[in-house]
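The data block below is my_file_15.txt; it holds compact mmCIF, C-alpha atoms.
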```
# COMPACT_ATOMS: atom_id res chain seq x y z
CA MET A 24 0.00 0.00 0.00
CA ILE A 25 1.18 3.48 -0.76
CA PRO A 26 -0.44 6.64 0.58
CA ALA A 27 -2.58 8.94 -1.58
CA ALA A 28 -0.53 11.56 -3.40
CA PHE A 29 0.70 14.54 -1.43
CA ASP A 30 3.17 17.37 -1.73
CA TYR A 31 6.22 17.39 0.52
CA LYS A 32 8.26 20.17 2.11
CA ARG A 33 11.19 19.87 4.45
CA ALA A 34 11.61 22.26 7.36
CA SER A 35 15.01 22.91 8.90
CA SER A 36 13.72 24.72 11.99
CA ALA A 37 10.58 24.90 14.11
CA ALA A 38 9.99 28.47 12.87
CA GLU A 39 10.16 27.33 9.23
CA ALA A 40 7.80 24.43 9.97
CA ILE A 41 5.26 26.76 11.56
CA SER A 42 5.49 29.22 8.71
CA LEU A 43 4.88 26.38 6.23
CA VAL A 44 1.93 24.98 8.18
CA SER A 45 0.41 28.48 8.45
CA GLN A 46 0.57 28.66 4.66
CA TYR A 47 -1.17 25.32 4.00
CA GLY A 48 -3.51 25.19 7.00
CA SER A 49 -5.52 22.07 7.63
CA ASP A 50 -4.32 20.46 4.38
CA ALA A 51 -0.91 19.98 5.97
CA LYS A 52 0.41 17.56 8.58
CA PHE A 53 3.79 17.43 10.30
CA LEU A 54 5.86 14.34 9.59
CA ALA A 55 8.39 13.43 12.29
CA GLY A 56 9.34 9.73 12.49
CA GLY A 57 6.18 8.88 10.55
CA HIS A 58 5.42 5.73 12.50
CA SER A 59 1.94 6.86 13.51
CA LEU A 60 1.04 9.00 10.50
CA LEU A 61 2.26 6.87 7.58
CA PRO A 62 0.24 3.76 8.58
CA LEU A 63 -2.90 5.96 8.77
CA MET A 64 -2.11 7.45 5.36
CA LYS A 65 -1.66 4.02 3.79
CA LEU A 66 -5.12 3.07 5.05
CA ARG A 67 -6.54 6.41 3.75
CA LEU A 68 -7.61 7.23 7.29
CA ALA A 69 -5.54 10.37 6.81
CA GLN A 70 -5.05 12.06 3.44
CA PRO A 71 -3.10 15.25 4.01
CA ALA A 72 -2.33 17.08 0.77
CA MET A 73 0.93 18.41 2.22
CA LEU A 74 3.46 16.76 4.51
CA ILE A 75 5.89 19.05 6.28
CA ASP A 76 8.88 16.92 7.23
CA ILE A 77 10.26 18.10 10.58
CA GLY A 78 12.43 15.00 10.99
CA ARG A 79 15.59 16.97 10.27
CA VAL A 80 15.03 19.74 12.82
CA LYS A 81 18.09 18.71 14.79
CA ASP A 82 17.81 21.20 17.66
CA LEU A 83 14.58 19.56 18.87
CA SER A 84 16.29 16.29 19.79
CA TYR A 85 17.64 16.55 23.36
CA ILE A 86 17.15 15.42 26.95
CA LYS A 87 18.25 18.06 29.47
CA ASP A 88 18.22 18.36 33.24
CA ALA A 89 16.40 21.67 33.80
CA GLY A 90 16.41 21.81 37.59
CA ASN A 91 13.04 20.60 38.85
CA HIS A 92 12.12 18.94 35.58
CA ILE A 93 13.66 17.13 32.63
CA ALA A 94 13.19 18.86 29.27
CA ILE A 95 12.83 16.53 26.30
CA GLY A 96 12.86 17.84 22.74
CA ALA A 97 9.81 16.74 20.77
CA LEU A 98 11.91 15.03 18.09
CA THR A 99 13.79 12.83 20.56
CA ARG A 100 13.41 9.25 19.41
CA HIS A 101 11.94 6.53 21.62
CA MET A 102 15.28 4.71 21.61
CA ASP A 103 17.03 7.80 23.00
CA VAL A 104 14.37 8.20 25.70
CA GLU A 105 14.65 4.51 26.59
CA THR A 106 18.43 4.65 26.99
CA SER A 107 18.83 8.15 28.50
CA LYS A 108 20.96 8.21 31.68
CA VAL A 109 19.31 11.46 32.79
CA LEU A 110 15.85 9.91 32.49
CA HIS A 111 16.93 6.67 34.19
CA GLU A 112 18.00 8.80 37.14
CA HIS A 113 15.16 11.33 37.31
CA ALA A 114 12.17 9.88 35.42
CA PRO A 115 12.76 6.13 35.14
CA LEU A 116 9.06 5.43 34.52
CA LEU A 117 9.23 7.34 31.24
CA ALA A 118 12.46 5.68 30.07
CA HIS A 119 11.01 2.26 30.87
CA ALA A 120 7.69 2.99 29.12
CA ALA A 121 9.54 4.22 26.00
CA GLY A 122 11.14 0.76 25.82
CA HIS A 123 7.65 -0.73 25.47
CA VAL A 124 6.74 1.30 22.37
CA GLY A 125 6.52 -0.94 19.30
CA ASP A 126 9.81 -2.72 18.68
CA ALA A 127 13.47 -1.74 18.22
CA GLN A 128 13.00 -0.73 14.60
CA VAL A 129 10.00 1.45 15.46
CA ARG A 130 11.87 2.99 18.42
CA HIS A 131 14.72 3.96 16.09
CA ARG A 132 12.33 6.15 14.08
CA GLY A 133 9.36 7.15 16.24
CA THR A 134 9.59 10.30 18.38
CA ILE A 135 8.12 11.20 21.77
CA GLY A 136 6.61 14.39 20.36
CA GLY A 137 5.06 12.54 17.43
CA SER A 138 3.50 10.01 19.75
CA ILE A 139 2.04 12.69 22.04
CA ALA A 140 0.83 14.98 19.23
CA HIS A 141 -0.84 11.97 17.57
CA ALA A 142 -2.84 11.58 20.82
CA ASP A 143 -3.63 7.91 20.43
CA PRO A 144 -5.19 6.64 23.67
CA ALA A 145 -3.58 3.23 23.00
CA SER A 146 -0.04 4.66 22.90
CA ASP A 147 2.23 4.27 25.90
CA LEU A 148 3.80 7.71 26.18
CA PRO A 149 0.72 9.97 26.25
CA ALA A 150 -0.57 8.15 29.36
CA THR A 151 2.89 7.92 30.94
CA THR A 152 3.59 11.64 30.63
CA LEU A 153 0.02 12.29 31.87
CA ALA A 154 0.67 10.18 35.00
CA LEU A 155 3.91 12.09 35.60
CA GLY A 156 2.16 15.48 35.43
CA ALA A 157 4.14 16.59 32.38
CA THR A 158 3.76 19.93 30.65
CA TYR A 159 3.89 20.21 26.86
CA VAL A 160 5.39 23.28 25.21
CA VAL A 161 3.91 24.17 21.83
CA GLN A 162 4.93 26.83 19.36
CA GLY A 163 2.66 28.66 16.97
CA PRO A 164 2.76 31.79 14.82
CA LYS A 165 2.19 33.94 17.95
CA GLY A 166 4.90 32.29 20.04
CA GLN A 167 5.01 29.54 22.64
CA ARG A 168 2.49 28.34 25.18
CA GLU A 169 2.49 25.60 27.79
CA ILE A 170 -0.27 23.04 28.11
CA ALA A 171 -0.60 20.71 31.10
CA ALA A 172 -0.83 17.10 29.91
CA ALA A 173 -4.11 16.87 31.87
CA ASN A 174 -5.64 19.52 29.57
CA PHE A 175 -4.11 18.35 26.28
CA TYR A 176 -6.10 15.31 25.17
CA LYS A 177 -9.51 16.21 23.76
CA GLY A 178 -10.76 13.13 21.94
CA PHE A 179 -9.68 10.18 19.80
CA LEU A 180 -6.52 11.41 17.99
CA GLU A 181 -7.52 14.95 18.96
CA SER A 182 -5.52 17.31 21.10
CA ASP A 183 -5.46 20.94 22.16
CA LEU A 184 -2.87 21.67 19.42
CA ALA A 185 -4.14 24.16 16.85
CA ALA A 186 -3.57 23.30 13.18
CA ASP A 187 -0.71 25.81 13.02
CA GLU A 188 0.95 24.80 16.28
CA MET A 189 3.80 22.35 16.78
CA LEU A 190 4.75 20.46 19.93
CA ILE A 191 8.37 21.33 20.65
CA GLU A 192 9.18 20.18 24.19
CA ILE A 193 7.95 17.82 26.88
CA ARG A 194 8.72 18.80 30.50
CA VAL A 195 8.60 15.94 32.96
CA PRO A 196 8.85 16.70 36.70
CA LYS A 197 11.66 14.81 38.40
CA MET A 198 10.28 11.77 40.19
CA GLN A 199 12.37 12.43 43.34
CA GLY A 200 12.85 8.74 44.03
CA ALA A 201 9.15 7.84 43.83
CA GLY A 202 8.31 4.16 43.30
CA TRP A 203 6.88 3.42 39.87
CA SER A 204 5.52 0.72 37.61
CA PHE A 205 4.43 0.37 34.00
CA GLN A 206 1.99 -2.45 33.30
CA LYS A 207 1.22 -3.33 29.71
CA PHE A 208 -1.17 -6.16 28.95
CA ASN A 209 -1.03 -7.42 25.39
CA ARG A 210 -1.05 -10.68 23.46
CA ARG A 211 2.16 -10.26 21.45
CA ALA A 212 5.30 -8.43 22.52
CA GLN A 213 5.17 -5.63 19.94
CA ASP A 214 1.42 -4.96 20.19
CA TRP A 215 -0.36 -1.95 21.57
CA ALA A 216 -1.66 -2.40 25.10
CA ILE A 217 -5.11 -3.95 25.45
CA VAL A 218 -4.97 -2.05 28.73
CA GLY A 219 -1.90 -0.34 30.17
CA VAL A 220 -1.15 1.48 33.41
CA ALA A 221 1.57 3.99 34.25
CA ALA A 222 1.83 4.69 37.96
CA TRP A 223 4.12 6.24 40.57
CA ARG A 224 3.83 6.55 44.33
CA ARG A 225 5.58 8.54 47.00
CA LYS A 226 3.98 7.78 50.42
CA GLY A 227 0.50 9.36 50.29
CA GLU A 228 1.00 10.82 46.83
CA ALA A 229 0.37 8.90 43.62
CA GLY A 230 -0.15 9.42 39.93
CA VAL A 231 -1.95 6.85 37.80
CA ALA A 232 -2.89 6.97 34.12
CA LEU A 233 -4.60 4.41 31.92
CA VAL A 234 -3.71 3.35 28.37
CA ASN A 235 -6.42 2.35 25.88
CA MET A 236 -9.35 2.73 28.29
CA GLY A 237 -11.28 5.34 26.30
CA SER A 238 -11.02 7.89 23.53
CA THR A 239 -8.14 9.66 25.34
CA PRO A 240 -5.44 8.56 27.77
CA ILE A 241 -7.05 8.78 31.20
CA LEU A 242 -5.71 10.27 34.42
CA ALA A 243 -7.17 8.07 37.17
CA THR A 244 -7.71 10.89 39.67
CA SER A 245 -10.08 8.88 41.86
CA VAL A 246 -7.37 6.26 42.43
CA ALA A 247 -4.75 8.88 43.33
CA GLY A 248 -7.33 10.63 45.55
CA ALA A 249 -8.09 7.41 47.41
CA ILE A 250 -4.38 6.77 48.03
CA ALA A 251 -4.05 10.34 49.34
CA LYS A 252 -6.89 9.66 51.79
CA GLY A 253 -5.15 6.53 53.03
CA ALA A 254 -7.21 3.88 51.23
CA SER A 255 -5.66 0.42 50.77
CA ILE A 256 -4.13 -0.35 47.39
CA SER A 257 -6.85 -2.83 46.50
CA ASP A 258 -9.64 -0.39 47.44
CA ALA A 259 -7.98 2.40 45.48
CA ALA A 260 -7.33 0.13 42.48
CA ALA A 261 -10.97 -1.00 42.41
CA MET A 262 -11.91 2.58 41.52
CA ALA A 263 -9.93 2.40 38.27
CA SER A 264 -12.70 0.46 36.55
CA ASN A 265 -15.07 3.40 37.07
CA GLU A 266 -12.67 5.94 35.59
CA ALA A 267 -13.52 5.11 32.00
CA ASP A 268 -15.99 3.51 29.65
CA PRO A 269 -13.75 1.74 27.14
CA GLN A 270 -14.98 0.28 23.87
CA SER A 271 -15.28 -3.39 23.09
CA ASP A 272 -13.13 -4.60 20.21
CA LEU A 273 -11.59 -7.78 18.79
CA ASN A 274 -9.18 -8.03 21.73
CA ALA A 275 -11.38 -7.28 24.70
CA SER A 276 -14.90 -6.41 25.77
CA THR A 277 -15.72 -3.30 27.80
CA GLU A 278 -16.23 -5.42 30.93
CA TYR A 279 -12.93 -7.24 30.46
CA ARG A 280 -11.05 -3.97 29.99
CA LYS A 281 -12.59 -2.54 33.16
CA HIS A 282 -11.61 -5.65 35.08
CA LEU A 283 -8.08 -5.51 33.65
CA ALA A 284 -7.76 -1.84 34.59
CA SER A 285 -8.39 -2.57 38.27
CA VAL A 286 -6.09 -5.60 38.30
CA LEU A 287 -3.26 -3.76 36.54
CA VAL A 288 -3.63 -0.64 38.70
CA ARG A 289 -3.41 -2.84 41.80
CA ARG A 290 -0.29 -4.54 40.47
CA ALA A 291 1.23 -1.21 39.48
CA LEU A 292 0.57 0.38 42.88
CA GLU A 293 1.91 -2.69 44.69
CA ALA A 294 5.10 -2.57 42.64
CA ALA A 295 5.38 1.21 43.08
CA SER A 296 4.97 0.87 46.87
CA LYS A 297 7.89 -1.49 47.37
CA MET B 11 -7.70 20.64 17.53
CA ILE B 12 -6.37 18.34 14.92
CA ALA B 13 -8.78 16.17 13.03
CA TYR B 14 -7.82 13.76 10.32
CA ARG B 15 -9.69 14.66 7.21
CA GLY B 16 -10.01 13.49 3.67
CA LYS B 17 -10.99 16.90 2.39
CA ARG B 18 -8.53 18.84 0.28
CA SER B 19 -9.12 22.49 -0.35
CA ALA B 20 -6.04 24.64 -0.98
CA LEU B 21 -4.16 21.97 -2.89
CA ALA B 22 -6.06 20.29 -5.68
CA LEU B 23 -5.20 16.69 -6.48
CA ASN B 24 -4.03 17.55 -10.01
CA GLN B 25 -1.42 19.86 -8.50
CA ILE B 26 0.21 17.06 -6.52
CA TRP B 27 -0.44 14.03 -8.71
CA GLY B 28 2.79 12.79 -10.24
CA LEU B 29 4.88 15.44 -8.48
CA LYS B 30 8.50 14.28 -8.30
CA MET B 31 11.36 15.00 -5.93
CA LYS B 32 15.06 14.39 -6.31
CA VAL B 33 16.65 12.03 -3.82
CA SER B 34 20.16 10.79 -3.32
CA ILE B 35 20.47 7.62 -1.25
CA THR B 36 23.59 5.54 -0.71
CA VAL B 37 22.65 1.88 -0.84
CA ASN B 38 25.27 -0.73 0.08
CA GLY B 39 28.01 1.82 -0.57
CA THR B 40 26.77 3.02 -3.98
CA GLU B 41 25.15 6.42 -4.30
CA HIS B 42 21.86 6.35 -6.23
CA HIS B 43 20.13 9.45 -7.58
CA GLY B 44 16.50 9.35 -8.54
CA ASP B 45 13.25 11.23 -9.02
CA VAL B 46 10.50 9.86 -6.81
CA GLU B 47 6.95 10.76 -5.91
CA PRO B 48 6.91 11.94 -2.28
CA ARG B 49 4.64 8.99 -1.44
CA THR B 50 7.15 6.40 -2.67
CA LEU B 51 8.05 4.09 0.21
CA LEU B 52 11.71 3.40 0.80
CA VAL B 53 11.15 -0.34 0.37
CA HIS B 54 9.64 0.23 -3.07
CA TYR B 55 12.52 2.50 -4.04
CA ILE B 56 15.00 -0.21 -3.01
CA ARG B 57 13.13 -3.05 -4.73
CA GLU B 58 11.66 -1.45 -7.81
CA VAL B 59 13.93 1.46 -8.65
CA ILE B 60 17.31 0.14 -7.54
CA GLY B 61 16.30 -3.46 -8.23
CA LEU B 62 17.49 -5.01 -4.97
CA THR B 63 14.71 -7.49 -4.23
CA GLY B 64 16.26 -9.17 -1.19
CA THR B 65 14.29 -6.87 1.09
CA ASN B 66 10.77 -8.28 1.32
CA VAL B 67 7.42 -6.64 1.94
CA GLY B 68 5.38 -8.69 4.36
CA CYS B 69 2.59 -7.00 6.29
CA ASP B 70 3.23 -3.49 4.94
CA THR B 71 2.08 -2.10 8.30
CA SER B 72 5.39 -2.03 10.25
CA SER B 73 4.42 -5.12 12.23
CA CYS B 74 6.24 -8.07 10.64
CA GLY B 75 9.77 -6.74 10.08
CA ALA B 76 10.35 -8.49 6.72
CA CYS B 77 11.35 -5.13 5.23
CA THR B 78 14.00 -4.39 7.90
CA ILE B 79 17.11 -2.64 6.56
CA HIS B 80 19.74 -0.44 8.19
CA MET B 81 19.49 3.29 7.75
CA ASN B 82 22.53 5.20 9.01
CA GLY B 83 23.54 2.08 10.90
CA GLU B 84 20.25 1.35 12.66
CA ALA B 85 17.62 -1.30 11.95
CA VAL B 86 14.42 0.29 10.62
CA LYS B 87 11.31 -0.86 8.77
CA SER B 88 11.53 0.39 5.20
CA CYS B 89 7.78 -0.01 4.54
CA THR B 90 7.09 2.85 6.95
CA ILE B 91 9.69 5.31 5.71
CA LEU B 92 9.28 7.51 2.65
CA ALA B 93 12.14 7.50 0.18
CA VAL B 94 12.26 11.30 0.56
CA GLN B 95 12.88 10.87 4.29
CA ALA B 96 15.95 8.77 3.43
CA ASP B 97 17.37 11.45 1.13
CA GLY B 98 21.06 11.75 1.98
CA ALA B 99 21.03 8.62 4.15
CA SER B 100 23.24 5.58 3.96
CA VAL B 101 21.26 2.35 3.66
CA THR B 102 22.37 -1.26 3.99
CA THR B 103 20.19 -4.08 2.71
CA ILE B 104 20.63 -7.85 2.99
CA GLU B 105 22.59 -7.75 -0.29
CA GLY B 106 25.14 -5.47 1.36
CA LEU B 107 26.11 -7.81 4.22
CA ALA B 108 28.41 -10.24 2.40
CA ARG B 109 32.00 -9.07 1.76
CA ASP B 110 33.84 -10.29 -1.35
CA GLY B 111 31.54 -13.26 -1.69
CA VAL B 112 31.95 -14.26 1.96
CA MET B 113 28.75 -14.29 3.95
CA HIS B 114 28.34 -12.14 7.03
CA PRO B 115 28.76 -14.15 10.29
CA MET B 116 25.04 -13.71 10.97
CA GLN B 117 24.14 -15.22 7.58
CA THR B 118 26.50 -18.14 8.26
CA ALA B 119 25.00 -18.63 11.71
CA PHE B 120 21.45 -18.75 10.27
CA MET B 121 22.60 -21.34 7.73
CA GLU B 122 24.45 -23.51 10.25
CA ASN B 123 21.72 -23.40 12.87
CA HIS B 124 18.77 -23.91 10.52
CA GLY B 125 17.50 -20.43 11.41
CA LEU B 126 15.09 -20.40 8.48
CA GLN B 127 12.55 -22.56 6.74
CA CYS B 128 10.57 -20.79 4.00
CA GLY B 129 13.01 -17.87 4.15
CA TYR B 130 10.55 -15.04 3.63
CA CYS B 131 11.24 -13.34 6.98
CA THR B 132 14.96 -14.11 6.82
CA PRO B 133 16.39 -10.96 5.18
CA GLY B 134 14.57 -8.78 7.70
CA MET B 135 15.34 -11.16 10.56
CA VAL B 136 19.07 -11.13 9.72
CA MET B 137 19.17 -7.33 9.39
CA ALA B 138 17.34 -6.93 12.73
CA ALA B 139 19.71 -9.45 14.35
CA VAL B 140 22.81 -7.64 13.04
CA GLY B 141 21.34 -4.37 14.34
CA LEU B 142 20.68 -5.99 17.71
CA LEU B 143 24.30 -7.17 18.07
CA ASN B 144 25.57 -3.73 17.03
CA GLU B 145 23.76 -2.30 20.06
CA ASN B 146 24.21 -5.27 22.41
CA PRO B 147 27.14 -7.48 21.30
CA LYS B 148 26.65 -10.20 23.94
CA PRO B 149 22.91 -10.52 24.53
CA THR B 150 21.28 -13.13 26.75
CA GLU B 151 18.72 -15.46 25.18
CA GLU B 152 15.94 -13.33 26.64
CA GLU B 153 17.49 -10.17 25.20
CA VAL B 154 17.63 -11.82 21.78
CA ARG B 155 13.96 -12.80 22.01
CA MET B 156 12.95 -9.29 23.11
CA GLY B 157 15.33 -7.66 20.64
CA LEU B 158 13.64 -9.46 17.75
CA GLU B 159 10.09 -8.65 18.89
CA GLY B 160 9.61 -6.61 15.73
CA ASN B 161 10.14 -9.57 13.39
CA LEU B 162 7.59 -12.29 12.80
CA CYS B 163 8.37 -15.80 11.55
CA ARG B 164 5.56 -18.25 10.85
CA CYS B 165 7.75 -21.34 10.24
CA THR B 166 10.52 -21.82 12.74
CA GLY B 167 8.86 -21.15 16.07
CA TYR B 168 11.84 -18.79 16.56
CA HIS B 169 13.92 -21.33 18.47
CA ASN B 170 16.58 -21.81 15.79
CA ILE B 171 16.58 -18.11 14.98
CA VAL B 172 17.47 -17.33 18.59
CA LYS B 173 20.13 -20.09 18.45
CA SER B 174 21.55 -18.52 15.27
CA VAL B 175 21.82 -15.06 16.80
CA LEU B 176 23.46 -16.40 19.96
CA ALA B 177 25.91 -18.39 17.80
CA ALA B 178 26.77 -15.27 15.78
CA ALA B 179 27.28 -13.32 19.02
CA SER B 180 29.66 -15.91 20.48
CA ALA B 181 31.54 -16.25 17.15
CA LYS B 182 32.52 -12.57 17.34
```
Before we go any further, please render this structure as structure tokens.
Amino acid sequence: MIPAAFDYKRASSAAEAISLVSQYGSDAKFLAGGHSLLPLMKLRLAQPAMLIDIGRVKDLSYIKDAGNHIAIGALTRHMDVETSKVLHEHAPLLAHAAGHVGDAQVRHRGTIGGSIAHADPASDLPATTLALGATYVVQGPKGQREIAAANFYKGFLESDLAADEMLIEIRVPKMQGAGWSFQKFNRRAQDWAIVGVAAWRRKGEAGVALVNMGSTPILATSVAGAIAKGASISDAAAMASNEADPQSDLNASTEYRKHLASVLVRRALEAASK
Amino acid sequence: MIAYRGKRSALALNQIWGLKMKVSITVNGTEHHGDVEPRTLLVHYIREVIGLTGTNVGCDTSSCGACTIHMNGEAVKSCTILAVQADGASVTTIEGLARDGVMHPMQTAFMENHGLQCGYCTPGMVMAAVGLLNENPKPTEEEVRMGLEGNLCRCTGYHNIVKSVLAAASAK
């Protein structure tokens, strides 16, 4: 399968990319690693008339210690997130989750910013950065703005990004030694999660987000709230099934997904509490 | 908000149909120049334009790994990369592994350990395995199994493939 015909421009900087996308509007899409967008284009689920290739914008590939948070350039590849020493020290949950994205070949091409901007509820990194309370920095024709991950995801493959805005940086608060766990339930190693859970815990504080439990990645605030009030892990985890109303599909029914969510949240919180 | 849409307004189809771009891609050490449509996949460029048909197309959805090649030294799936994205890159395909008629140690290991049956997944499997050892020269069996998660084989049950990769690693 090849995608429908499109025109192609290459941007060498974020500013050039934004100027190009302002010119072509909603006909254009950014192409980073292409591992979310190209499969959709082959299936004609997306038919942009213009692709703006941002894959060569070199200054957006970095992982930096910025004091209280780690700043990750949007074009940093999954493999670089997975193997980053800085992230292993300060945000190990994110480095570990990046190692669960697709397979090695996919992680050599796919980018953290591409995955987040694509806003697929079944992807690992949107939910993981949501659990960690990340902030996304986006740039548009009028300059930059910051969006809390909790306010970013608006619907299936829909985010708060305007058509002429580009995600440029992901800011992840340092985990300060919090316990953590990433649970991914799937049938084959390289698959998307049927249900996934990213969780961290520091005494009475916790952050829990769910993968593939609805049209967006879901921040399980009731679970974190219960932990804060001193509930047991199993009581808190039981609330996860009420956080979302997931769809039934070939892999799992709604009821099964809800059951899995509670089981995986319990396992994640137990592992994060050790 | 971003919505995926099929509607085209500013750019009419007849303006982009048949549009060509120049690319220059080094494949197995030889620089190739060509004019391609932006939508040309790298695997099709390698197979149909350059004529190197060792790289197979399996699932065409970046699941099966049959199309695995190396791009700038790393294993990637060439069915999910546009040829224009590889402009300026250095690519190695299965045809580029042997040196002066002598097979690469990974190819020898696959042969000696019966790491293939029908052979369809083999070019991609070998390229992924070479990429794995580049990043992790002495992997454990589990690391080999996880490292090849992006390559599917429907014949061997993987056991002899894992044996082959471990043999190639210990032969180094």
* Between A:Ala243, A:Met102, A:Met262, A:Met73, which has the minimum distance to Asp126 of chain A (counting only C-alpha atoms)? -> A:Met102
* **Nearest to Gly157 of chain B, chosen from B:Gly106, B:Gly83, B:Gly75, B:Gly111, with only C-alpha atoms counted in the distances** =>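 Once distances to Gly157 of chain B are computed over only C-alpha atoms, the minimum belongs to B:Gly75.
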* Proximal residues of chain A relative to chain B (all atoms listed in the file; 8 Å) as a count of residues only -> 39
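In this model, the gap between atom CA of Ser174 of chain B and atom CA of Met116 of chain B comes to 7.3 Å.
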* Nearest to Ala142 of chain A: which of A:Leu66, A:Leu155, A:Leu190, A:Ala201 is it, counting all atoms listed in the file? ->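 Among the listed residues, the smallest separation from Ala142 of chain A belongs to A:Leu190.
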* Glu122 of chain B surroundings by only C-alpha atoms, 10 Å radius, close-in-sequence under 2 positions cut, as JSON, numbers by chain -> {"B": [116, 117, 118, 119, 120, 124, 125, 170, 173, 174, 177]}
